[in-house]
Amino acid sequence: MTDKTMTPEDVVGRLRSGMTLGIGGWGSRRKPMALVRAVLRAGLTDLTVVSYGGPDVGLLAAAGRVRRLVAPFATLDSIPLEPHFRAARQCAAFELTELDEAMFMWGLTAAAHRLPFLPVRTALGSDVMRVNPGLRTVVSPYGDGEEFVAAPALRLDAALVHMNRADPSGNGQYLGPDPYFDDLFCEAADAAYVSCERLVGTADLAKEAAPQTLLLKRHAVTGVVEAPNGAHFTSCAPDYDRDENFQKLYAATGWPEFADRFLAGSDEGAYQSAVRTWHEEQTGEREAER
């Protein structure tokens, strides 16, 4: 089987400004943050980002890399509204296509099956139709004549997702409570890149959990990156929880200051080192107060 292992720099070297980029995970849960940070370092811009939005959206929006966002929300979960997304949106820094969660899922499903749209009942009678005047309805060709919304396919030039485990061929496994539609992101994309907490042999993927946790199939994956702690500061259960203290810092800190301290390094190692230093400082301050 083909060895698809890459570095974050290899991945972003295959991406281009102006692409439609799908980012897996959900809110502040199992986001491919190491790959998102690599996108920032690479200077890619004018992106259409498709995401169940979290800090991936916040980072890219605050850095001015987003031309258009397609999302049902942008949240940090324990902080309801992603603050850097909100700040960028309030000054009209990018276009927004807001779909409800179900329509978003069916849009990915349509793209995965290479269909132009799928008929759905969701959004009928809601403001989704009002804020997206380009949406169309279709009528069932059968005797019932029921009207549906034509949920447009969310085709992606590339997808970025994060798994707990993967093998070098691109099979990916989640060990937490939810797949978060990451398989659909990969199948809806022309190229899919998977970061993971740990690369293991193919036979080892079945040792930690049941076979149904093998979410990603190698045929839909272009490259695999081993990135320990690569979802930080989002959660990657059961490997680690969300770094709530760091998330609070991110939410409360102005973008230039946050980017200068944590994102100015040349690689992911510099980010992880800066985070460890910050935590050590916090521990020292708490001990000094005792």
# chains A, B, ... in the order shown; residues from 1 in each chain; ligands from 1
call {"tool": "closest_atom_pairs", "arguments": {"of": "stretch 169-234 of chain A", "to": "stretch 30-46 of chain A", "cutoff": "9 Å", "atoms": "only C-alpha atoms", "output": "CSV"}}
result
residue,atom,partner,partner_atom,distance
A:Tyr180,CA,A:Arg30,CA,8.5
A:Tyr193,CA,A:Leu35,CA,8.8
A:Val194,CA,A:Pro32,CA,8.0
A:Ser195,CA,A:Pro32,CA,6.5
A:Cys196,CA,A:Pro32,CA,8.4
A:Val225,CA,A:Leu35,CA,8.9
A:Ala227,CA,A:Ala34,CA,7.0
A:Asn229,CA,A:Ala34,CA,8.2
A:Gly230,CA,A:Ala34,CA,4.8
A:Ala231,CA,A:Met33,CA,4.9
A:His232,CA,A:Met33,CA,6.3
A:Phe233,CA,A:Met33,CA,7.8
A:Thr234,CA,A:Arg30,CA,5.9
call {"tool": "write_last_selection", "arguments": {"atoms": "C-alpha atoms", "output": "PDB file, in the first residue's frame"}}
result
ATOM      1  CA  TYR A 180     -18.140  14.968  13.330  1.00  0.00           C
ATOM      2  CA  TYR A 193      -5.248  15.659   4.284  1.00  0.00           C
ATOM      3  CA  VAL A 194      -5.456  13.966   7.676  1.00  0.00           C
ATOM      4  CA  SER A 195      -3.461  14.898  10.747  1.00  0.00           C
ATOM      5  CA  CYS A 196      -3.455  12.459  13.642  1.00  0.00           C
ATOM      6  CA  VAL A 225       0.526  13.933   9.007  1.00  0.00           C
ATOM      7  CA  ALA A 227       0.823  15.752  14.699  1.00  0.00           C
ATOM      8  CA  ASN A 229      -1.378  17.588  20.249  1.00  0.00           C
ATOM      9  CA  GLY A 230      -2.306  18.742  16.759  1.00  0.00           C
ATOM     10  CA  ALA A 231      -5.877  19.655  17.695  1.00  0.00           C
ATOM     11  CA  HIS A 232      -4.772  22.040  20.469  1.00  0.00           C
ATOM     12  CA  PHE A 233      -6.410  24.023  21.923  1.00  0.00           C
ATOM     13  CA  THR A 234      -9.539  22.111  20.912  1.00  0.00           C
TER      14      THR A 234
END
call {"tool": "select_by_dssp", "arguments": {"residues": "stretch 138-261 of chain A", "states": "helix (DSSP H, G or I)", "output": "PyMOL selection string"}}
result
chain A and resi 182-187+202-206+211-213+218-220+244-252+255-261
call {"tool": "residues_around", "arguments": {"residues": "A:Ala150", "least_positions_apart": "5", "cutoff": "9 Å", "atoms": "only C-alpha atoms", "output": "PyMOL selection string"}}
result
chain A and resi 116-121+135-138
call {"tool": "atom_distance", "arguments": {"atom1": "atom CA of A:Phe181", "atom2": "atom CA of A:Val57"}}
result
17.0 Å
call {"tool": "residues_around", "arguments": {"residues": "A:Leu108", "least_positions_apart": "4", "cutoff": "12 Å", "atoms": "only C-alpha atoms", "output": "PyMOL selection string"}}
result
chain A and resi 22-24+50-52+70-71+99+101-104+112-118+151-156+159+181-189
call {"tool": "atom_distance", "arguments": {"atom1": "atom CA of A:Pro238", "atom2": "atom CA of A:Thr213"}}
result
13.1 Å
call {"tool": "closest_residue", "arguments": {"among": "A:Ala87, A:Leu214, A:Ala206, A:Met163", "to": "A:Glu226", "atoms": "only C-alpha atoms"}}
result
A:Met163
call {"tool": "atom_distance", "arguments": {"atom1": "atom CA of A:Ala61", "atom2": "atom CA of A:Leu215"}}
result
29.1 Å
call {"tool": "select_by_dssp", "arguments": {"residues": "stretch 66-172 of chain A", "states": "strand (DSSP E or B)", "output": "ChimeraX atom specification"}}
result
/A:66-71,74,95-98,117-120,136-139,147-152,156-166,172
call {"tool": "closest_residue", "arguments": {"among": "A:Ala259, A:Ala251, A:Ala191, A:Ala62", "to": "A:Ser78", "atoms": "only C-alpha atoms"}}
result
A:Ala251
call {"tool": "closest_residue", "arguments": {"among": "A:Ala166, A:Val131, A:Val12, A:Leu160", "to": "A:Glu208", "atoms": "only C-alpha atoms"}}
result
A:Ala166
call {"tool": "closest_residue", "arguments": {"among": "A:Glu287, A:Arg218, A:Trp278, A:Asp100", "to": "A:Asp127", "atoms": "only C-alpha atoms"}}
result
A:Asp100
call {"tool": "closest_residue", "arguments": {"among": "A:Gly176, A:Gln247, A:Ala203, A:Arg16", "to": "A:Thr75", "atoms": "only C-alpha atoms"}}
result
A:Gln247
call {"tool": "residues_around", "arguments": {"residues": "A:Pro168", "least_positions_apart": "3", "cutoff": "6 Å", "atoms": "only C-alpha atoms", "output": "list in words"}}
result
Asp3, Lys4 and Thr5 of chain A
call {"tool": "residues_around", "arguments": {"residues": "A:Arg68", "least_positions_apart": "2", "cutoff": "6 Å", "atoms": "only C-alpha atoms", "output": "list in words"}}
result
Thr48, Val66, Phe94, Glu95 and Leu96 of chain A
call {"tool": "closest_residue", "arguments": {"among": "A:Gly145, A:Gly201, A:Gly170, A:Gly64", "to": "A:Trp255", "atoms": "only C-alpha atoms"}}
result
A:Gly64
